[in-house]
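The next block holds one structure in the form of structure tokens; read it before the comments.
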Amino acid sequence: MADDSIVQFCRDLPKIELHAHLNTCFDSHTLQQLVARKAQSNMEVNTWSLNIADYRDMEESFNIFKLIHKVVDDEEAVYKLTVGVLRHFAAENVKYLELRSTPKEIPATGMTRELYVRTMLRAIHDCQGEQLDIVVYLLLSIDRRQGVEVAQKTVDLAEKFRQETDGLVVGIDFSGDPAVGNAADYIPVFLSAKEKGLKVASHLAEIASFEETLAVLKQAPPDRIGHGTFLHRHQSCHGFEEIENIVTNRKIPIEACMTSNLKTKTVTEYSEHHFAVWFEKKHPVILCTDGSGVYMTSVSEEYMHAARTFNFSKKDLWLISNASIDSSFAPESVKERLREKWQLARPQDL
């Protein structure tokens with residue numbers, strides 16, 4: 001496909017985003033507004049380095065995340081950021097979004113975990129009033145740096161809001177710095193979430209972490225895997241075959257974040273990304289951004305990178321996008337409506 005054809009097709013293609021963190025999916029205009037607002041009450045903000053570089057390793061990325069969290073630390077900031085993120089995704093033809101964020105407890109600003117979630121939900125509701133053509137569900141994130149006790153509180157909060165919102169809060173995400181702690185410690189929390197009827201999306205094998213990855217997969221396998229960079233034997237040492245077999249046999253969908261992995265240097269080239277490995281296996285794999293603002297990308301651009309790197313046809317791209325519907329946590333009635341939209345957008349030559 002010619003370059004111009006790739007670009008336009010990927011922009012026009014209806015898309016799914018299943019791995020988007022609120023605090024890192026900002027657009028530059030919204031971030032500038034939030035930084036300027038915070039600087040009015042905290043002059044120190046002007047000394048922070050919030051310029052988003054082209055490439056950041058894992059440690060640098062989490063340092064940026066910490067600064068963003070300091071800017072988005074009260075109700076108004078959370079609301080503005082959420083609205084900006086939803087408008088941004090809707091504008092690039094994302095028809096279905098699962099947005100994730102860690103509920104924050106910030107006594108200095110009056111923020112509680114419950115208020116944090118209610119503020120995000122209010123923003124989602126208000127954007128629905130704008131008639132944005134996007135379906136949005138919410139995942140509450142567990143930060144592995146905060147410990148098991150806080151994690152269980154997040155699960156309990158997710159259950160509360162799942163019931164209160166008739167399923168708009170659909171599940172939990174397990175994330176945070178993969179070099180901190182052990183995911184296996186959270187197995188009781190994952191099982192608790194499943195018992196409560198919550199879906200579980202878990203960052204696993206973002207780095208080469210054989211023991212914790214295998215323990216989670218064997219005892220509390222998630223409904224989707226975030227990143228999964230080191231799940232398969234092609235990039236890993238001997239012994240990872242058992243991990244790959246569990247993922248394959250259970251058909252656990254993988255949220256692939258190509259640019260994020262490249263910029264955090266867990267892969268060195270787009271051509272080495274594991275998306276192609278799973279795609280060739282006909283395993284469920286979804287193109288995602290992770291943090292479109294921090295990593296300077298978009299869902300459309302992820303499709304462009306995949307097309308150019310792996311020589312995907314328009315048919316391949318449409319099929320990848322359409323198949324992503326099956327991996328969403330939406331109820332079947334919503335999935336059916338999405339499939340109808342995708343059929344309307346199906347290229348005539350497919």
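Chain labels A, B, ... are given in the sequence in which chains occur in the structure tokens; within each chain residues are numbered consecutively from 1, and ligands are likewise numbered from 1 in the order shown.
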Spatial neighbours of Arg87 (chain A), 12 Å, only C-alpha atoms, chain gap at least 4 places, as a PyMOL selection string: chain A and resi 25-27+29-30+80-83+91-95+97+123-124+126-128+130-136
Within 8 Å of region 110-117 of chain A, counting only C-alpha atoms, which residues show up once you throw out same-chain ones fewer than 5 positions away? Write them as a list of chain:residue names, please. A:Asp73, A:Asp74, A:Glu75, A:Val78, A:Pro103, A:Lys104, A:Glu105, A:Leu157
Please produce a file of those selected residues containing N, CA, C and O atoms, as a compact mmCIF listing (two decimals), in the first residue's frame.
# COMPACT_ATOMS: atom_id res chain seq x y z
N ASP A 73 -4.30 16.43 40.47
CA ASP A 73 -4.41 16.00 41.87
C ASP A 73 -5.67 16.49 42.56
O ASP A 73 -5.80 16.36 43.78
N ASP A 74 -6.60 17.08 41.82
CA ASP A 74 -7.86 17.50 42.43
C ASP A 74 -9.02 17.23 41.48
O ASP A 74 -8.83 16.80 40.33
N GLU A 75 -10.22 17.49 41.95
CA GLU A 75 -11.42 17.12 41.21
C GLU A 75 -11.49 17.81 39.85
O GLU A 75 -11.78 17.17 38.83
N VAL A 78 -8.93 16.26 37.35
CA VAL A 78 -9.34 14.93 36.90
C VAL A 78 -10.47 15.04 35.88
O VAL A 78 -10.47 14.35 34.85
N PRO A 103 -7.53 5.02 41.31
CA PRO A 103 -8.20 5.97 42.20
C PRO A 103 -7.21 6.55 43.20
O PRO A 103 -6.45 5.81 43.83
N LYS A 104 -7.20 7.86 43.33
CA LYS A 104 -6.21 8.54 44.16
C LYS A 104 -6.81 9.02 45.48
O LYS A 104 -7.95 9.48 45.54
N GLU A 105 -6.01 8.93 46.53
CA GLU A 105 -6.34 9.47 47.85
C GLU A 105 -5.36 10.60 48.11
O GLU A 105 -4.17 10.36 48.35
N LEU A 157 -14.02 -1.10 45.59
CA LEU A 157 -14.57 0.12 44.99
C LEU A 157 -15.10 -0.16 43.58
O LEU A 157 -16.17 0.34 43.20
List the neighbours of Ser260 (chain A) out to 8 Å using only C-alpha atoms; skip same-chain residues closer than 2 positions along the sequence, and give me the result as a list in words.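 In the requested form, the answer reads Cys257, Met258, Leu262, Lys263, Thr264, Thr289, Asp290, Gly291 and Tyr295 of chain A.
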Among listed residues A:Arg100, A:His21, A:Arg250, A:Lys15, nearest Val294 (chain A) (using only C-alpha atoms):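 Using only C-alpha atoms, the shortest distance to Val294 (chain A) belongs to A:His21.
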Those in region 194-283 of chain A with alpha helix (DSSP H) from DSSP, as a PyMOL selection string: chain A and resi 194-195+210-219+241-250+258-263+275-280
Let me see the file: selected residues, N, CA and C atoms, as an mmCIF file, in the first residue's frame.
data_model
loop_
_atom_site.group_PDB
_atom_site.id
_atom_site.type_symbol
_atom_site.label_atom_id
_atom_site.label_comp_id
_atom_site.auth_asym_id
_atom_site.auth_seq_id
_atom_site.Cartn_x
_atom_site.Cartn_y
_atom_site.Cartn_z
ATOM 1 N N LYS A 194 -12.479 -11.598 40.468
ATOM 2 C CA LYS A 194 -13.226 -12.534 39.623
ATOM 3 C C LYS A 194 -14.480 -13.044 40.335
ATOM 4 N N GLU A 195 -14.364 -13.300 41.631
ATOM 5 C CA GLU A 195 -15.520 -13.757 42.406
ATOM 6 C C GLU A 195 -16.632 -12.710 42.428
ATOM 7 N N PHE A 210 9.832 -14.242 34.773
ATOM 8 C CA PHE A 210 9.304 -15.586 34.569
ATOM 9 C C PHE A 210 8.443 -16.076 35.731
ATOM 10 N N GLU A 211 8.963 -16.007 36.958
ATOM 11 C CA GLU A 211 8.297 -16.640 38.093
ATOM 12 C C GLU A 211 6.946 -16.001 38.394
ATOM 13 N N GLU A 212 6.885 -14.658 38.457
ATOM 14 C CA GLU A 212 5.603 -14.021 38.779
ATOM 15 C C GLU A 212 4.598 -14.203 37.656
ATOM 16 N N THR A 213 5.064 -14.165 36.417
ATOM 17 C CA THR A 213 4.163 -14.335 35.278
ATOM 18 C C THR A 213 3.538 -15.734 35.299
ATOM 19 N N LEU A 214 4.358 -16.744 35.496
ATOM 20 C CA LEU A 214 3.854 -18.119 35.508
ATOM 21 C C LEU A 214 2.895 -18.336 36.677
ATOM 22 N N ALA A 215 3.232 -17.794 37.851
ATOM 23 C CA ALA A 215 2.370 -17.968 39.027
ATOM 24 C C ALA A 215 0.992 -17.367 38.789
ATOM 25 N N VAL A 216 0.945 -16.155 38.233
ATOM 26 C CA VAL A 216 -0.347 -15.499 37.977
ATOM 27 C C VAL A 216 -1.139 -16.267 36.932
ATOM 28 N N LEU A 217 -0.482 -16.678 35.866
ATOM 29 C CA LEU A 217 -1.183 -17.386 34.797
ATOM 30 C C LEU A 217 -1.744 -18.727 35.264
ATOM 31 N N LYS A 218 -1.047 -19.384 36.166
ATOM 32 C CA LYS A 218 -1.500 -20.694 36.629
ATOM 33 C C LYS A 218 -2.590 -20.592 37.694
ATOM 34 N N GLN A 219 -2.523 -19.556 38.543
ATOM 35 C CA GLN A 219 -3.435 -19.479 39.682
ATOM 36 C C GLN A 219 -4.580 -18.490 39.501
ATOM 37 N N GLU A 241 8.281 -21.658 27.569
ATOM 38 C CA GLU A 241 7.303 -22.396 26.769
ATOM 39 C C GLU A 241 6.008 -22.644 27.537
ATOM 40 N N GLU A 242 6.127 -22.896 28.838
ATOM 41 C CA GLU A 242 4.927 -23.158 29.647
ATOM 42 C C GLU A 242 4.041 -21.921 29.699
ATOM 43 N N ILE A 243 4.641 -20.766 29.816
ATOM 44 C CA ILE A 243 3.891 -19.517 29.826
ATOM 45 C C ILE A 243 3.161 -19.333 28.505
ATOM 46 N N GLU A 244 3.890 -19.507 27.420
ATOM 47 C CA GLU A 244 3.286 -19.331 26.101
ATOM 48 C C GLU A 244 2.139 -20.311 25.882
ATOM 49 N N ASN A 245 2.310 -21.527 26.346
ATOM 50 C CA ASN A 245 1.274 -22.537 26.155
ATOM 51 C C ASN A 245 0.002 -22.197 26.919
ATOM 52 N N ILE A 246 0.151 -21.672 28.143
ATOM 53 C CA ILE A 246 -1.036 -21.281 28.915
ATOM 54 C C ILE A 246 -1.791 -20.176 28.201
ATOM 55 N N VAL A 247 -1.057 -19.162 27.760
ATOM 56 C CA VAL A 247 -1.691 -18.027 27.071
ATOM 57 C C VAL A 247 -2.388 -18.497 25.800
ATOM 58 N N THR A 248 -1.720 -19.363 25.055
ATOM 59 C CA THR A 248 -2.279 -19.853 23.795
ATOM 60 C C THR A 248 -3.504 -20.727 24.025
ATOM 61 N N ASN A 249 -3.390 -21.656 24.948
ATOM 62 C CA ASN A 249 -4.495 -22.590 25.181
ATOM 63 C C ASN A 249 -5.730 -21.898 25.735
ATOM 64 N N ARG A 250 -5.533 -20.879 26.556
ATOM 65 C CA ARG A 250 -6.661 -20.152 27.130
ATOM 66 C C ARG A 250 -7.134 -19.013 26.236
ATOM 67 N N MET A 258 2.895 -1.059 20.701
ATOM 68 C CA MET A 258 4.151 -1.091 19.967
ATOM 69 C C MET A 258 5.045 0.111 20.249
ATOM 70 N N THR A 259 4.513 1.308 20.109
ATOM 71 C CA THR A 259 5.338 2.501 20.300
ATOM 72 C C THR A 259 5.776 2.644 21.752
ATOM 73 N N SER A 260 4.885 2.354 22.681
ATOM 74 C CA SER A 260 5.241 2.396 24.094
ATOM 75 C C SER A 260 6.404 1.455 24.381
ATOM 76 N N ASN A 261 6.337 0.242 23.877
ATOM 77 C CA ASN A 261 7.412 -0.728 24.112
ATOM 78 C C ASN A 261 8.716 -0.283 23.463
ATOM 79 N N LEU A 262 8.609 0.332 22.296
ATOM 80 C CA LEU A 262 9.803 0.827 21.618
ATOM 81 C C LEU A 262 10.443 1.962 22.412
ATOM 82 N N LYS A 263 9.617 2.891 22.890
ATOM 83 C CA LYS A 263 10.155 4.071 23.559
ATOM 84 C C LYS A 263 10.610 3.787 24.987
ATOM 85 N N PHE A 275 3.803 -8.301 18.433
ATOM 86 C CA PHE A 275 2.479 -8.282 17.798
ATOM 87 C C PHE A 275 2.438 -9.273 16.638
ATOM 88 N N ALA A 276 3.486 -9.264 15.831
ATOM 89 C CA ALA A 276 3.507 -10.125 14.642
ATOM 90 C C ALA A 276 3.493 -11.602 15.014
ATOM 91 N N VAL A 277 4.177 -11.958 16.111
ATOM 92 C CA VAL A 277 4.226 -13.358 16.542
ATOM 93 C C VAL A 277 2.829 -13.874 16.852
ATOM 94 N N TRP A 278 2.079 -13.088 17.618
ATOM 95 C CA TRP A 278 0.742 -13.519 18.025
ATOM 96 C C TRP A 278 -0.250 -13.436 16.869
ATOM 97 N N PHE A 279 -0.077 -12.437 16.021
ATOM 98 C CA PHE A 279 -0.948 -12.306 14.848
ATOM 99 C C PHE A 279 -0.804 -13.530 13.944
ATOM 100 N N GLU A 280 0.436 -13.962 13.740
ATOM 101 C CA GLU A 280 0.680 -15.129 12.887
ATOM 102 C C GLU A 280 0.098 -16.407 13.495
#
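Residues in contact with Phe9 (chain A) at 10 Å, where only C-alpha atoms are counted and same-chain residues fewer than 3 positions away are skipped, are listed as Asp3, Asp4, Ser5, Ile6, Asp12, Leu13, Pro14, Ser300, Tyr303, Met304, Lys314, Leu317, Trp318 and Pro347 of chain A.
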File of the preceding selection, N, CA, C and O atoms, as a short mmCIF file (atom, residue, chain, number, x, y, z; two decimals), in the first residue's frame:
data_model
loop_
_atom_site.label_atom_id
_atom_site.label_comp_id
_atom_site.auth_asym_id
_atom_site.auth_seq_id
_atom_site.Cartn_x
_atom_site.Cartn_y
_atom_site.Cartn_z
N ASP A 3 2.02 5.03 0.96
CA ASP A 3 2.04 5.67 2.26
C ASP A 3 0.79 6.48 2.51
O ASP A 3 0.17 6.39 3.57
N ASP A 4 0.39 7.32 1.54
CA ASP A 4 -0.80 8.16 1.72
C ASP A 4 -2.04 7.31 1.92
O ASP A 4 -2.93 7.67 2.70
N SER A 5 -2.11 6.19 1.24
CA SER A 5 -3.25 5.30 1.38
C SER A 5 -3.29 4.70 2.78
O SER A 5 -4.36 4.57 3.39
N ILE A 6 -2.15 4.33 3.31
CA ILE A 6 -2.07 3.80 4.68
C ILE A 6 -2.59 4.83 5.67
O ILE A 6 -3.43 4.54 6.52
N ASP A 12 -9.46 6.70 8.89
CA ASP A 12 -10.88 6.47 8.65
C ASP A 12 -11.39 5.20 9.31
O ASP A 12 -12.60 5.06 9.56
N LEU A 13 -10.51 4.27 9.58
CA LEU A 13 -10.88 2.98 10.14
C LEU A 13 -11.50 3.15 11.53
O LEU A 13 -10.92 3.82 12.39
N PRO A 14 -12.68 2.57 11.80
CA PRO A 14 -13.18 2.57 13.18
C PRO A 14 -12.25 1.73 14.05
O PRO A 14 -11.79 0.67 13.61
N SER A 300 -4.55 5.47 15.55
CA SER A 300 -4.36 5.46 14.10
C SER A 300 -2.90 5.24 13.73
O SER A 300 -2.58 4.47 12.81
N TYR A 303 -1.79 1.65 14.03
CA TYR A 303 -2.19 0.87 12.86
C TYR A 303 -1.25 1.18 11.68
O TYR A 303 -0.90 0.28 10.91
N MET A 304 -0.85 2.44 11.53
CA MET A 304 0.08 2.79 10.45
C MET A 304 1.41 2.08 10.64
O MET A 304 1.98 1.53 9.69
N LYS A 314 -5.15 -3.53 3.59
CA LYS A 314 -6.34 -2.90 4.17
C LYS A 314 -7.23 -3.96 4.80
O LYS A 314 -7.83 -3.75 5.86
N LEU A 317 -5.86 -4.86 8.21
CA LEU A 317 -6.10 -3.81 9.21
C LEU A 317 -7.55 -3.80 9.67
O LEU A 317 -7.83 -3.67 10.87
N TRP A 318 -8.47 -3.95 8.71
CA TRP A 318 -9.88 -3.98 9.08
C TRP A 318 -10.18 -5.20 9.94
O TRP A 318 -10.90 -5.10 10.95
N PRO A 347 -14.31 -1.95 3.88
CA PRO A 347 -13.97 -1.56 2.52
C PRO A 347 -14.69 -2.43 1.48
O PRO A 347 -14.86 -3.65 1.70
#
Contacts of Leu99 (chain A) within 10 Å, only C-alpha atoms, excl. fewer than 3 positions in-chain, as a count of residues only: 20
Length of the CA of Ile286 (chain A) to CA of Ser101 (chain A) vector [Å]: 19.4 Å
Among A:His274, A:Arg224, A:His88, A:His203, Ile254 (chain A) is approached most closely, using only C-alpha atoms, by A:Arg224
Which is closer to Ala220 (chain A) than all the others in A:Lys199, A:Arg118, A:Arg337, A:Lys70, using only C-alpha atoms? A:Lys199
Of the candidates A:Asn23, A:Ser298, A:Thr229, A:Gln343, which one gets nearest to Ala323 (chain A) if we count only C-alpha atoms?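 Of the candidates, the smallest distance to Ala323 (chain A) is held by A:Gln343.
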